[in-house]
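Enquirer: Handing over input_20.tsv, TSV, C-alpha atoms.
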```tsv
chain	number	residue	atom	x	y	z
A	4	MET	CA	6.42	9.02	-9.31
A	5	SER	CA	4.18	11.55	-7.62
A	6	ARG	CA	3.31	10.87	-4.02
A	7	VAL	CA	-0.20	12.11	-3.51
A	8	TRP	CA	-2.77	10.32	-1.41
A	9	ALA	CA	-5.90	9.12	-3.12
A	10	VAL	CA	-9.28	8.01	-1.84
A	11	PRO	CA	-10.36	5.20	-4.12
A	12	PRO	CA	-14.07	5.02	-4.99
A	13	GLY	CA	-15.94	2.51	-2.86
A	14	SER	CA	-13.09	2.18	-0.41
A	15	GLY	CA	-15.07	3.56	2.51
A	16	GLY	CA	-12.54	6.37	2.84
A	17	SER	CA	-9.39	4.28	3.13
A	18	VAL	CA	-6.42	6.10	1.70
A	19	LYS	CA	-3.82	4.78	-0.68
A	20	PRO	CA	-0.76	6.35	-2.20
A	21	ARG	CA	-1.21	7.46	-5.78
A	22	LEU	CA	1.76	6.48	-7.90
A	23	ARG	CA	2.55	7.68	-11.38
A	24	VAL	CA	3.87	4.67	-13.27
A	25	ARG	CA	6.80	5.89	-15.31
A	26	LEU	CA	9.58	3.46	-15.98
A	27	THR	CA	12.53	5.66	-16.81
A	28	LYS	CA	15.83	4.55	-18.34
A	29	GLY	CA	17.37	4.68	-14.88
A	30	TYR	CA	14.64	2.43	-13.51
A	31	LEU	CA	15.02	-0.11	-16.29
A	32	ARG	CA	18.80	-0.13	-15.84
A	33	VAL	CA	18.42	-1.12	-12.17
A	34	ALA	CA	15.79	-3.71	-13.12
A	35	ARG	CA	18.10	-5.31	-15.69
A	36	LEU	CA	21.13	-5.25	-13.44
A	37	VAL	CA	19.52	-7.00	-10.46
A	38	ARG	CA	17.86	-9.52	-12.75
A	39	ASP	CA	21.05	-10.32	-14.65
A	40	LEU	CA	23.07	-10.68	-11.46
A	41	GLY	CA	20.30	-12.73	-9.85
A	42	ILE	CA	20.04	-10.57	-6.72
A	43	ALA	CA	16.63	-10.27	-5.08
A	44	THR	CA	15.37	-6.88	-3.93
A	45	VAL	CA	12.92	-6.08	-1.16
A	46	CYS	CA	11.59	-3.36	-3.46
A	47	GLU	CA	10.03	-6.12	-5.54
A	48	GLY	CA	9.50	-8.66	-2.78
A	49	ALA	CA	7.37	-6.30	-0.71
A	50	LEU	CA	5.64	-4.50	-3.63
A	51	CYS	CA	7.16	-1.31	-2.30
A	52	PRO	CA	5.29	1.77	-3.50
A	53	ASN	CA	8.56	3.72	-3.62
A	54	ILE	CA	10.14	1.47	-6.27
A	55	GLY	CA	9.73	4.01	-9.08
A	56	GLU	CA	11.37	6.77	-7.11
A	57	CYS	CA	14.28	4.69	-5.79
A	58	TRP	CA	15.07	2.65	-8.91
A	59	GLY	CA	14.52	5.77	-11.01
A	60	SER	CA	17.24	7.49	-9.00
A	61	GLY	CA	19.58	4.53	-9.49
A	62	THR	CA	19.35	2.75	-6.15
A	63	ALA	CA	17.68	-0.37	-4.75
A	64	THR	CA	17.64	-2.35	-1.51
A	65	PHE	CA	19.19	-5.73	-2.08
A	66	MET	CA	17.62	-8.68	-0.28
A	67	ILE	CA	20.21	-11.35	0.30
A	68	MET	CA	19.90	-15.05	1.12
A	69	GLY	CA	17.13	-15.53	-1.43
A	70	ASP	CA	13.59	-14.30	-1.91
A	71	THR	CA	11.87	-16.77	0.42
A	72	CYS	CA	11.50	-16.15	4.17
A	73	THR	CA	11.19	-18.78	6.87
A	74	ARG	CA	8.94	-16.51	8.95
A	75	GLY	CA	5.27	-15.71	8.51
A	76	CYS	CA	4.79	-12.16	9.75
A	77	ARG	CA	1.25	-11.01	9.02
A	78	PHE	CA	2.05	-7.61	7.56
A	79	CYS	CA	4.67	-8.73	5.07
A	80	TYR	CA	4.36	-9.68	1.39
A	81	VAL	CA	7.76	-11.33	0.98
A	82	LYS	CA	7.41	-14.97	-0.15
A	83	LYS	CA	7.24	-17.46	2.69
A	84	GLY	CA	8.30	-21.08	2.66
A	85	LYS	CA	11.33	-23.31	2.36
A	86	PRO	CA	14.23	-21.26	0.98
A	87	GLU	CA	16.82	-22.37	-1.56
A	88	PRO	CA	20.36	-23.11	-0.35
A	89	LEU	CA	22.58	-20.03	0.03
A	90	ASP	CA	24.47	-18.82	-3.05
A	91	PRO	CA	28.12	-18.64	-1.95
A	92	GLY	CA	28.81	-16.20	-4.79
A	93	GLU	CA	26.16	-13.78	-3.61
A	94	PRO	CA	28.42	-11.50	-1.52
A	95	TYR	CA	30.49	-10.67	-4.60
A	96	LYS	CA	27.45	-10.32	-6.83
A	97	VAL	CA	26.09	-7.70	-4.44
A	98	ALA	CA	29.49	-6.00	-4.25
A	99	LEU	CA	29.59	-5.91	-8.05
A	100	ALA	CA	26.07	-4.49	-8.24
A	101	VAL	CA	27.09	-1.69	-5.85
A	102	LYS	CA	30.06	-0.92	-8.08
A	103	MET	CA	28.08	-1.04	-11.31
A	104	LEU	CA	25.42	1.27	-9.91
A	105	GLY	CA	28.12	3.58	-8.59
A	106	LEU	CA	26.47	3.81	-5.17
A	107	ASP	CA	28.08	5.72	-2.31
A	108	TYR	CA	25.47	4.41	0.15
A	109	VAL	CA	23.99	0.93	0.00
A	110	THR	CA	21.13	-0.63	1.93
A	111	ILE	CA	20.96	-4.39	2.18
A	112	THR	CA	18.47	-6.56	3.96
A	113	SER	CA	17.65	-10.24	3.98
A	114	VAL	CA	14.93	-12.75	4.49
A	115	ASP	CA	14.95	-14.66	7.78
A	116	ARG	CA	16.84	-17.95	7.52
A	117	ASP	CA	15.86	-19.94	10.58
A	118	ASP	CA	16.88	-23.04	8.61
A	119	LEU	CA	20.58	-22.12	8.83
A	120	PRO	CA	22.64	-22.83	11.96
A	121	ASP	CA	23.66	-19.17	12.33
A	122	GLY	CA	20.52	-17.72	10.80
A	123	GLY	CA	22.68	-16.49	7.92
A	124	ALA	CA	24.79	-14.16	10.09
A	125	SER	CA	28.11	-15.26	8.57
A	126	HIS	CA	26.72	-14.86	5.02
A	127	PHE	CA	25.44	-11.42	5.94
A	128	ALA	CA	28.83	-10.44	7.38
A	129	ALA	CA	30.59	-11.84	4.30
A	130	THR	CA	28.36	-9.70	2.08
A	131	VAL	CA	29.23	-6.53	4.00
A	132	LYS	CA	32.93	-7.39	3.79
A	133	ALA	CA	32.75	-8.10	0.06
A	134	ILE	CA	30.96	-4.80	-0.58
A	135	LYS	CA	33.64	-2.95	1.41
A	136	LYS	CA	36.48	-4.76	-0.33
A	137	VAL	CA	35.22	-3.89	-3.80
A	138	ASN	CA	33.89	-0.44	-2.84
A	139	PRO	CA	36.04	0.84	0.05
A	140	ARG	CA	34.33	4.22	0.25
A	141	VAL	CA	30.72	3.06	0.25
A	142	VAL	CA	28.62	3.44	3.40
A	143	VAL	CA	26.81	0.20	4.22
A	144	GLU	CA	23.48	-0.03	5.99
A	145	ALA	CA	22.16	-3.47	6.89
A	146	LEU	CA	18.62	-4.25	7.97
A	147	ILE	CA	19.06	-7.53	9.76
A	148	PRO	CA	16.80	-10.30	11.04
A	149	ASP	CA	16.75	-11.10	14.77
A	150	PHE	CA	18.98	-14.20	14.45
A	151	GLN	CA	16.66	-15.60	17.14
A	152	GLY	CA	18.27	-13.22	19.60
A	153	VAL	CA	21.63	-15.01	19.60
A	154	ARG	CA	24.19	-12.44	20.68
A	155	GLU	CA	27.14	-13.99	18.80
A	156	HIS	CA	25.25	-13.90	15.53
A	157	VAL	CA	24.25	-10.27	15.95
A	158	GLU	CA	27.86	-9.42	16.85
A	159	LEU	CA	29.17	-11.11	13.72
A	160	VAL	CA	27.24	-8.61	11.60
A	161	ALA	CA	27.78	-5.65	13.95
A	162	LEU	CA	31.55	-6.12	13.60
A	163	SER	CA	31.62	-6.78	9.85
A	164	GLY	CA	32.59	-3.21	8.96
A	165	LEU	CA	29.22	-1.62	8.31
A	166	GLU	CA	28.21	1.87	9.42
A	167	VAL	CA	24.48	1.48	10.05
A	168	LEU	CA	22.68	-1.48	11.55
A	169	ALA	CA	18.91	-1.56	11.44
A	170	HIS	CA	16.57	-4.04	13.02
A	171	ASN	CA	12.85	-3.43	13.05
A	172	ILE	CA	10.63	-3.70	16.06
A	173	GLU	CA	7.77	-3.30	13.54
A	174	THR	CA	4.96	-2.73	16.04
A	175	VAL	CA	4.13	-2.03	19.69
A	176	ARG	CA	4.62	-4.61	22.44
A	177	ARG	CA	0.95	-5.66	22.74
A	178	LEU	CA	0.46	-6.29	19.03
A	179	THR	CA	3.73	-8.13	18.43
A	180	PRO	CA	2.29	-11.67	18.77
A	181	ARG	CA	-0.50	-10.81	16.31
A	182	VAL	CA	1.58	-8.93	13.78
A	183	ARG	CA	4.89	-10.78	13.73
A	184	ASP	CA	5.83	-14.43	13.44
A	185	ARG	CA	5.72	-16.37	16.71
A	186	ARG	CA	9.52	-16.73	16.65
A	187	ALA	CA	9.90	-12.95	16.70
A	188	GLY	CA	9.59	-11.00	19.93
A	189	TYR	CA	9.42	-7.43	21.13
A	190	GLU	CA	12.03	-7.96	23.86
A	191	GLN	CA	14.13	-10.09	21.55
A	192	SER	CA	14.26	-7.31	18.97
A	193	LEU	CA	15.24	-4.76	21.62
A	194	ARG	CA	18.06	-7.09	22.69
A	195	VAL	CA	19.28	-7.40	19.08
A	196	LEU	CA	19.61	-3.61	18.88
A	197	GLU	CA	21.29	-3.52	22.28
A	198	TYR	CA	23.79	-6.29	21.44
A	199	ALA	CA	24.72	-4.52	18.20
A	200	LYS	CA	25.41	-1.23	19.95
A	201	GLU	CA	27.35	-2.91	22.77
A	202	ALA	CA	29.51	-4.83	20.32
A	203	ASN	CA	30.23	-1.77	18.22
A	204	PRO	CA	29.42	1.56	19.91
A	205	LYS	CA	30.39	3.42	16.73
A	206	LEU	CA	27.46	1.88	14.87
A	207	VAL	CA	24.49	4.04	14.06
A	208	THR	CA	21.43	1.93	14.91
A	209	LYS	CA	18.00	2.26	13.45
A	210	SER	CA	14.52	0.78	13.86
A	211	SER	CA	11.10	1.11	12.23
A	212	ILE	CA	7.56	1.06	13.54
A	213	LEU	CA	4.64	0.48	11.19
A	214	LEU	CA	1.63	2.55	12.20
A	215	GLY	CA	-1.97	1.62	11.53
A	216	LEU	CA	-2.07	-1.93	12.87
A	217	GLY	CA	-4.33	-1.09	15.83
A	218	GLU	CA	-1.86	0.45	18.29
A	219	GLU	CA	-2.70	3.26	20.72
A	220	ARG	CA	-0.67	6.44	20.68
A	221	GLU	CA	0.69	5.79	24.20
A	222	GLU	CA	1.90	2.38	23.04
A	223	VAL	CA	3.79	3.98	20.16
A	224	VAL	CA	5.45	6.40	22.57
A	225	GLU	CA	6.31	3.48	24.87
A	226	ALA	CA	7.93	1.65	21.93
A	227	MET	CA	9.89	4.78	21.06
A	228	ARG	CA	11.12	5.02	24.68
A	229	ASP	CA	12.08	1.35	24.62
A	230	LEU	CA	14.10	1.90	21.45
A	231	ARG	CA	15.89	4.85	23.00
A	232	SER	CA	16.63	2.78	26.11
A	233	VAL	CA	18.77	0.46	23.95
A	234	GLY	CA	20.50	3.37	22.24
A	235	VAL	CA	18.71	3.46	18.89
A	236	ASP	CA	19.73	6.56	16.93
A	237	ILE	CA	17.37	6.68	13.96
A	238	LEU	CA	13.64	6.05	14.16
A	239	VAL	CA	11.43	5.40	11.15
A	240	LEU	CA	7.66	5.79	11.46
A	241	SER	CA	5.48	4.86	8.52
A	242	GLN	CA	1.95	3.91	7.53
A	243	TYR	CA	1.10	0.22	7.21
A	244	LEU	CA	-0.34	-0.54	3.78
A	245	ARG	CA	-1.95	-3.93	3.28
A	246	PRO	CA	-0.14	-5.68	0.43
A	247	SER	CA	-2.93	-8.18	-0.36
A	248	PRO	CA	-6.05	-9.60	1.31
A	249	LYS	CA	-3.84	-12.28	2.90
A	250	GLN	CA	-2.24	-9.76	5.26
A	251	LEU	CA	-3.75	-7.87	8.20
A	252	PRO	CA	-6.22	-5.10	7.35
A	253	VAL	CA	-5.29	-1.47	7.94
A	254	ALA	CA	-6.77	-0.43	11.29
A	255	LYS	CA	-6.02	3.27	10.96
A	256	VAL	CA	-4.69	5.78	8.48
A	257	TYR	CA	-2.55	8.39	10.22
A	258	SER	CA	-2.74	12.02	9.17
A	259	MET	CA	0.35	14.03	8.32
A	260	ARG	CA	-0.32	16.01	11.50
A	261	GLU	CA	-0.14	12.86	13.59
A	262	PHE	CA	3.13	11.96	11.87
A	263	ARG	CA	4.52	15.41	12.69
A	264	GLU	CA	3.46	15.08	16.34
A	265	LEU	CA	5.11	11.68	16.73
A	266	GLU	CA	8.21	12.98	14.98
A	267	GLU	CA	8.43	15.78	17.51
A	268	ILE	CA	8.04	13.34	20.40
A	269	GLY	CA	10.82	11.27	18.83
A	270	TYR	CA	13.21	14.21	18.91
A	271	LYS	CA	12.25	15.00	22.50
A	272	LEU	CA	13.07	11.41	23.42
A	273	GLY	CA	16.54	11.91	21.97
A	274	PHE	CA	16.60	10.21	18.58
A	275	ALA	CA	19.30	11.73	16.42
A	276	TYR	CA	17.00	11.55	13.42
A	277	VAL	CA	13.35	10.67	12.86
A	278	VAL	CA	11.94	9.73	9.47
A	279	ALA	CA	8.17	10.11	9.81
A	280	HIS	CA	6.13	9.83	6.64
A	281	PRO	CA	3.32	7.57	5.45
A	282	LEU	CA	5.51	6.11	2.69
A	283	ALA	CA	8.76	6.02	4.63
A	284	ARG	CA	10.29	2.55	4.80
A	285	THR	CA	13.44	1.50	6.65
A	286	SER	CA	15.70	2.02	3.63
A	287	TYR	CA	13.84	5.00	2.20
A	288	LYS	CA	16.16	8.01	1.93
A	289	ALA	CA	18.53	6.12	4.21
A	290	ARG	CA	21.54	8.07	3.02
A	291	GLU	CA	19.96	11.41	3.96
A	292	ALA	CA	18.84	10.05	7.35
A	293	TYR	CA	22.32	8.74	8.11
A	294	HIS	CA	24.10	12.00	7.30
A	295	ALA	CA	21.55	14.07	9.21
A	296	ALA	CA	21.84	11.76	12.22
A	297	LEU	CA	25.65	11.89	12.15
A	298	LYS	CA	25.60	15.66	12.06
A	299	ARG	CA	23.32	15.84	15.08
A	300	MET	CA	25.25	13.17	16.97
A	301	ARG	CA	28.50	15.02	16.41
A	302	GLY	CA	26.85	18.32	17.26
A	303	ILE	CA	25.73	17.11	20.65
A	304	GLY	CA	28.89	15.15	21.28
A	305	ARG	CA	27.68	11.61	21.41
A	306	GLY	CA	28.30	8.58	19.28
A	307	GLY	CA	30.63	8.31	16.28
B	23	MET	CA	-1.12	5.15	-38.44
B	24	ARG	CA	0.27	3.22	-35.53
B	25	LEU	CA	-1.81	1.81	-32.70
B	26	VAL	CA	0.10	1.72	-29.43
B	27	GLU	CA	-0.95	-0.72	-26.70
B	28	VAL	CA	-0.80	0.86	-23.27
B	29	LYS	CA	-0.05	-1.82	-20.70
B	30	VAL	CA	0.22	-2.10	-16.96
B	31	PRO	CA	3.97	-2.70	-17.13
B	32	GLU	CA	5.34	-6.09	-16.21
B	33	GLU	CA	8.54	-4.29	-15.24
B	34	LEU	CA	6.78	-2.79	-12.22
B	35	TRP	CA	7.93	-5.06	-9.36
B	36	PRO	CA	9.32	-7.25	-12.17
B	37	ARG	CA	10.06	-10.48	-10.34
B	38	ARG	CA	7.05	-10.31	-8.05
B	39	GLY	CA	4.14	-11.08	-10.32
B	40	GLY	CA	0.79	-12.26	-9.12
B	41	TRP	CA	-0.54	-8.93	-7.95
B	42	LYS	CA	-4.00	-8.00	-9.11
B	43	GLY	CA	-6.13	-4.89	-9.31
B	44	LYS	CA	-8.89	-3.20	-11.22
B	45	VAL	CA	-9.43	-0.09	-13.29
B	46	VAL	CA	-11.05	2.50	-11.02
B	47	ASN	CA	-10.95	5.70	-13.06
B	48	VAL	CA	-10.90	6.33	-16.78
B	49	LEU	CA	-9.71	9.84	-17.54
B	50	LYS	CA	-9.64	9.76	-21.33
B	51	LYS	CA	-12.51	8.54	-23.53
B	52	PRO	CA	-12.22	7.03	-27.03
B	53	GLY	CA	-11.81	9.84	-29.57
B	54	GLU	CA	-10.09	12.18	-27.12
B	55	LYS	CA	-6.64	13.56	-27.73
B	56	VAL	CA	-3.95	12.60	-25.29
B	57	ALA	CA	-0.45	13.94	-24.80
B	58	ARG	CA	2.54	11.82	-23.92
B	59	GLY	CA	2.72	11.60	-20.13
B	60	GLU	CA	-0.98	12.34	-19.55
B	61	VAL	CA	-2.83	9.88	-17.34
B	62	LEU	CA	-5.23	7.64	-19.27
B	63	ALA	CA	-6.61	5.59	-16.42
B	64	GLU	CA	-6.07	4.68	-12.80
B	65	VAL	CA	-5.68	1.16	-11.54
B	66	GLU	CA	-6.27	0.28	-7.91
B	67	ILE	CA	-4.21	-2.46	-6.33
B	68	GLU	CA	-4.19	-3.36	-2.65
B	69	LYS	CA	-1.27	-1.08	-1.79
B	70	ALA	CA	-1.71	1.86	-4.14
B	71	ILE	CA	-3.47	3.63	-6.97
B	72	LEU	CA	-1.39	3.38	-10.14
B	73	GLU	CA	-1.67	6.19	-12.65
B	74	ILE	CA	-1.13	4.78	-16.13
B	75	GLU	CA	0.05	7.39	-18.59
B	76	SER	CA	0.13	7.51	-22.37
B	77	PRO	CA	3.59	6.76	-23.80
B	78	VAL	CA	2.84	8.82	-26.95
B	79	ASP	CA	0.94	11.85	-28.27
B	80	GLY	CA	-2.17	10.71	-30.08
B	81	VAL	CA	-5.86	9.89	-30.01
B	82	VAL	CA	-7.41	7.34	-27.66
B	83	ARG	CA	-9.07	4.57	-29.67
B	84	LYS	CA	-10.02	2.16	-26.93
B	85	VAL	CA	-9.83	2.16	-23.15
B	86	ALA	CA	-10.75	-0.38	-20.47
B	87	GLU	CA	-14.03	0.01	-18.55
B	88	PRO	CA	-13.95	0.95	-14.88
B	89	GLY	CA	-14.03	-2.24	-12.86
B	90	SER	CA	-12.05	-4.27	-15.42
B	91	PRO	CA	-9.66	-6.67	-13.72
B	92	VAL	CA	-5.99	-5.92	-14.21
B	93	GLU	CA	-2.76	-7.81	-13.72
B	94	PRO	CA	0.83	-7.12	-14.81
B	95	GLY	CA	0.88	-6.91	-18.59
B	96	SER	CA	-2.84	-6.14	-19.02
B	97	VAL	CA	-3.59	-3.79	-21.92
B	98	ILE	CA	-5.71	-0.93	-20.65
B	99	ALA	CA	-5.83	1.34	-23.72
B	100	LEU	CA	-5.07	1.66	-27.41
B	101	VAL	CA	-3.70	5.02	-28.55
B	102	GLU	CA	-3.30	5.99	-32.19
B	103	GLU	CA	0.01	7.77	-32.35
B	104	ALA	CA	-0.12	11.26	-33.87
B	105	GLY	CA	1.73	11.70	-37.14
B	106	ALA	CA	2.93	8.13	-37.17
```
Produce structure tokens that represent the structure in this file.

Expert:
Amino acid sequence: MSRVWAVPPGSGGSVKPRLRVRLTKGYLRVARLVRDLGIATVCEGALCPNIGECWGSGTATFMIMGDTCTRGCRFCYVKKGKPEPLDPGEPYKVALAVKMLGLDYVTITSVDRDDLPDGGASHFAATVKAIKKVNPRVVVEALIPDFQGVREHVELVALSGLEVLAHNIETVRRLTPRVRDRRAGYEQSLRVLEYAKEANPKLVTKSSILLGLGEEREEVVEAMRDLRSVGVDILVLSQYLRPSPKQLPVAKVYSMREFRELEEIGYKLGFAYVVAHPLARTSYKAREAYHAALKRMRGIGRGG
Amino acid sequence: MRLVEVKVPEELWPRRGGWKGKVVNVLKKPGEKVARGEVLAEVEIEKAILEIESPVDGVVRKVAEPGSPVEPGSVIALVEEAGA
């Protein structure tokens, strides 16, 4: 799909990505596989505009523990409500999907499961282990929920054998109560990233900030500093796009120049890699970001 | 002669139906030739503008009006396939 920005008529100048709808054989193969195995994807759940590109190139981001989230963040399109019980066979279904797609890098995420005693941490860890058992050479990146800030639950995933652990701060400190569910927290998310790194210093950690929700530039820089203070290696900056009228409106559309400026600040603050693009999402080009970050980290003699 | 229905594919975000949009731009009028892969019309949804292309070479016979509501599976054009 092409990735040009469009100004729709009558939109008052708001900008949307223009996507060429072309469902290639590769795309349809991924669609069939995830459907037949019964694995949810965040690509579908969030109406991700990159779905054509990613599925077309034979990859997807699996969303484990069902397609229904117990949280009600006001930027997110994933279904909210009372989730189904966990599928104990899911870890192996995901491992099988990785094998069938022949992936050498896999990104998995999940809904929040505040209904489970451990928030789903043990299921998440079991999924990473199953993927590794079936596909020993695959690099695993997990985008995890906050597990309500419980250190033991974060550690369970951090020590499950994965290479990259992502947890999103999503927005700046001031806007967190408006943008995210009341059970989420800015400090709590920083702690999650800190606990993960402390438990497993070899982990590459990663976090995303959605821009365009009403934040000031200084607040974005403050959030970037806060992420560095807990050792985050990879930063993702992207444009918030409203999925439907039920979510928050877009307060600002950032220019490519503003993305470049923030990217530069990110490098000055010491991130090993910064993905800054309107359509970047946490898992977008994750493989490339990981390898670039590793190279830089090795080059300057820190981390793994 | 074979008339091909051009749809907003249901396989786009396949298990997340319920999204809605509208036709915002019609690039090919009835009677015009169209090549496979050329954009027939653009559909605006909340998150993006979707460019809907012709799956075949042919002549446009019918196309949705700008402003027409669209959901997954909506037919937005009829194209008479060339040489079919």

Enquirer: Can you tell me, as a ChimeraX atom specification, what residues are no more than 12 Å from Val182 of chain A when counting all atoms listed in the file, ignoring any on the same chain fewer than 6 positions away?

Expert: /A:74-79,172-176,188-189,212-218,243,250-253

Enquirer: Please measure the separation of atom CA of Val109 of chain A and atom CA of Val30 of chain B, giving the value in Å to one decimal.

Expert: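 Going from atom CA of Val109 of chain A over to atom CA of Val30 of chain B, I get 29.4 Å.
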
Enquirer: Between atom CA of Phe150 of chain A and atom CA of Val223 of chain A, measure the distance and give it in Å to one decimal.

Expert: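 Interatomic distance, atom CA of Phe150 of chain A to atom CA of Val223 of chain A: 24.4 Å.
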
Enquirer: Which chain B residues have any atom within 10 Å of an atom of chain A, and for each, what is the nearest pair of atoms with distance in Å to one decimal, counting only C-alpha atoms, rows sorted by chain and number, as a Markdown table?

Expert:
```
| residue | atom | partner | partner_atom | distance |
| --- | --- | --- | --- | --- |
| B:Val30 | CA | A:Val24 | CA | 8.5 |
| B:Pro31 | CA | A:Val24 | CA | 8.3 |
| B:Glu33 | CA | A:Ala34 | CA | 7.6 |
| B:Leu34 | CA | A:Leu26 | CA | 7.8 |
| B:Trp35 | CA | A:Glu47 | CA | 4.5 |
| B:Pro36 | CA | A:Glu47 | CA | 6.8 |
| B:Arg37 | CA | A:Glu47 | CA | 6.5 |
| B:Arg38 | CA | A:Glu47 | CA | 5.7 |
| B:Gly39 | CA | A:Glu47 | CA | 9.1 |
| B:Trp41 | CA | A:Ser247 | CA | 8.0 |
| B:Lys42 | CA | A:Ser247 | CA | 8.8 |
| B:Val46 | CA | A:Pro12 | CA | 7.2 |
| B:Asn47 | CA | A:Pro12 | CA | 8.7 |
| B:Gly59 | CA | A:Arg25 | CA | 8.5 |
| B:Val61 | CA | A:Arg23 | CA | 8.3 |
| B:Glu64 | CA | A:Arg21 | CA | 9.0 |
| B:Val65 | CA | A:Arg21 | CA | 9.6 |
| B:Glu66 | CA | A:Pro11 | CA | 7.4 |
| B:Ile67 | CA | A:Ser247 | CA | 8.4 |
| B:Glu68 | CA | A:Ser247 | CA | 5.5 |
| B:Lys69 | CA | A:Pro246 | CA | 5.2 |
| B:Ala70 | CA | A:Pro20 | CA | 5.0 |
| B:Ile71 | CA | A:Arg21 | CA | 4.6 |
| B:Leu72 | CA | A:Leu22 | CA | 5.0 |
| B:Glu73 | CA | A:Arg23 | CA | 4.7 |
| B:Ile74 | CA | A:Val24 | CA | 5.8 |
| B:Glu75 | CA | A:Val24 | CA | 7.1 |
| B:Ser76 | CA | A:Arg25 | CA | 9.8 |
| B:Pro77 | CA | A:Arg25 | CA | 9.1 |
```

Enquirer: Please produce a file of the residues just selected, as a PDB file, keeping the file's coordinate frame, where the atoms kept are C-alpha atoms.

Expert:
```pdb
ATOM      1  CA  VAL B  30       0.220  -2.100 -16.960  1.00  0.00           C
ATOM      2  CA  PRO B  31       3.970  -2.700 -17.130  1.00  0.00           C
ATOM      3  CA  GLU B  33       8.540  -4.290 -15.240  1.00  0.00           C
ATOM      4  CA  LEU B  34       6.780  -2.790 -12.220  1.00  0.00           C
ATOM      5  CA  TRP B  35       7.930  -5.060  -9.360  1.00  0.00           C
ATOM      6  CA  PRO B  36       9.320  -7.250 -12.170  1.00  0.00           C
ATOM      7  CA  ARG B  37      10.060 -10.480 -10.340  1.00  0.00           C
ATOM      8  CA  ARG B  38       7.050 -10.310  -8.050  1.00  0.00           C
ATOM      9  CA  GLY B  39       4.140 -11.080 -10.320  1.00  0.00           C
ATOM     10  CA  TRP B  41      -0.540  -8.930  -7.950  1.00  0.00           C
ATOM     11  CA  LYS B  42      -4.000  -8.000  -9.110  1.00  0.00           C
ATOM     12  CA  VAL B  46     -11.050   2.500 -11.020  1.00  0.00           C
ATOM     13  CA  ASN B  47     -10.950   5.700 -13.060  1.00  0.00           C
ATOM     14  CA  GLY B  59       2.720  11.600 -20.130  1.00  0.00           C
ATOM     15  CA  VAL B  61      -2.830   9.880 -17.340  1.00  0.00           C
ATOM     16  CA  GLU B  64      -6.070   4.680 -12.800  1.00  0.00           C
ATOM     17  CA  VAL B  65      -5.680   1.160 -11.540  1.00  0.00           C
ATOM     18  CA  GLU B  66      -6.270   0.280  -7.910  1.00  0.00           C
ATOM     19  CA  ILE B  67      -4.210  -2.460  -6.330  1.00  0.00           C
ATOM     20  CA  GLU B  68      -4.190  -3.360  -2.650  1.00  0.00           C
ATOM     21  CA  LYS B  69      -1.270  -1.080  -1.790  1.00  0.00           C
ATOM     22  CA  ALA B  70      -1.710   1.860  -4.140  1.00  0.00           C
ATOM     23  CA  ILE B  71      -3.470   3.630  -6.970  1.00  0.00           C
ATOM     24  CA  LEU B  72      -1.390   3.380 -10.140  1.00  0.00           C
ATOM     25  CA  GLU B  73      -1.670   6.190 -12.650  1.00  0.00           C
ATOM     26  CA  ILE B  74      -1.130   4.780 -16.130  1.00  0.00           C
ATOM     27  CA  GLU B  75       0.050   7.390 -18.590  1.00  0.00           C
ATOM     28  CA  SER B  76       0.130   7.510 -22.370  1.00  0.00           C
ATOM     29  CA  PRO B  77       3.590   6.760 -23.800  1.00  0.00           C
TER      30      PRO B  77
END
```

Enquirer: Do you have the atom CA of Ala292 of chain A-atom CA of Glu201 of chain A distance handy?

Expert: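 Result for atom CA of Ala292 of chain A versus atom CA of Glu201 of chain A: 21.9 Å, one decimal.
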
Enquirer: At most 7 Å from (-5.8, 8.9, -30.0), file frame, only C-alpha atoms: which residues, as a PyMOL selection string?

Expert: chain B and resi 53-56+80-83+101-103

Enquirer: Write out as number ranges by chain the residues lying within 12 Å of Ser90 of chain B, counting all atoms listed in the file and excluding same-chain residues fewer than 2 positions away.

Expert: B: 42-48, 63-66, 85-88, 92-93, 96-99

Enquirer: May I have the selected residues written with C-alpha atoms, as a PDB file, in the coordinates of the input?

Expert:
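Listing of selection_29.pdb after writing:
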```pdb
ATOM      1  CA  LYS B  42      -4.000  -8.000  -9.110  1.00  0.00           C
ATOM      2  CA  GLY B  43      -6.130  -4.890  -9.310  1.00  0.00           C
ATOM      3  CA  LYS B  44      -8.890  -3.200 -11.220  1.00  0.00           C
ATOM      4  CA  VAL B  45      -9.430  -0.090 -13.290  1.00  0.00           C
ATOM      5  CA  VAL B  46     -11.050   2.500 -11.020  1.00  0.00           C
ATOM      6  CA  ASN B  47     -10.950   5.700 -13.060  1.00  0.00           C
ATOM      7  CA  VAL B  48     -10.900   6.330 -16.780  1.00  0.00           C
ATOM      8  CA  ALA B  63      -6.610   5.590 -16.420  1.00  0.00           C
ATOM      9  CA  GLU B  64      -6.070   4.680 -12.800  1.00  0.00           C
ATOM     10  CA  VAL B  65      -5.680   1.160 -11.540  1.00  0.00           C
ATOM     11  CA  GLU B  66      -6.270   0.280  -7.910  1.00  0.00           C
ATOM     12  CA  VAL B  85      -9.830   2.160 -23.150  1.00  0.00           C
ATOM     13  CA  ALA B  86     -10.750  -0.380 -20.470  1.00  0.00           C
ATOM     14  CA  GLU B  87     -14.030   0.010 -18.550  1.00  0.00           C
ATOM     15  CA  PRO B  88     -13.950   0.950 -14.880  1.00  0.00           C
ATOM     16  CA  VAL B  92      -5.990  -5.920 -14.210  1.00  0.00           C
ATOM     17  CA  GLU B  93      -2.760  -7.810 -13.720  1.00  0.00           C
ATOM     18  CA  SER B  96      -2.840  -6.140 -19.020  1.00  0.00           C
ATOM     19  CA  VAL B  97      -3.590  -3.790 -21.920  1.00  0.00           C
ATOM     20  CA  ILE B  98      -5.710  -0.930 -20.650  1.00  0.00           C
ATOM     21  CA  ALA B  99      -5.830   1.340 -23.720  1.00  0.00           C
TER      22      ALA B  99
END
```
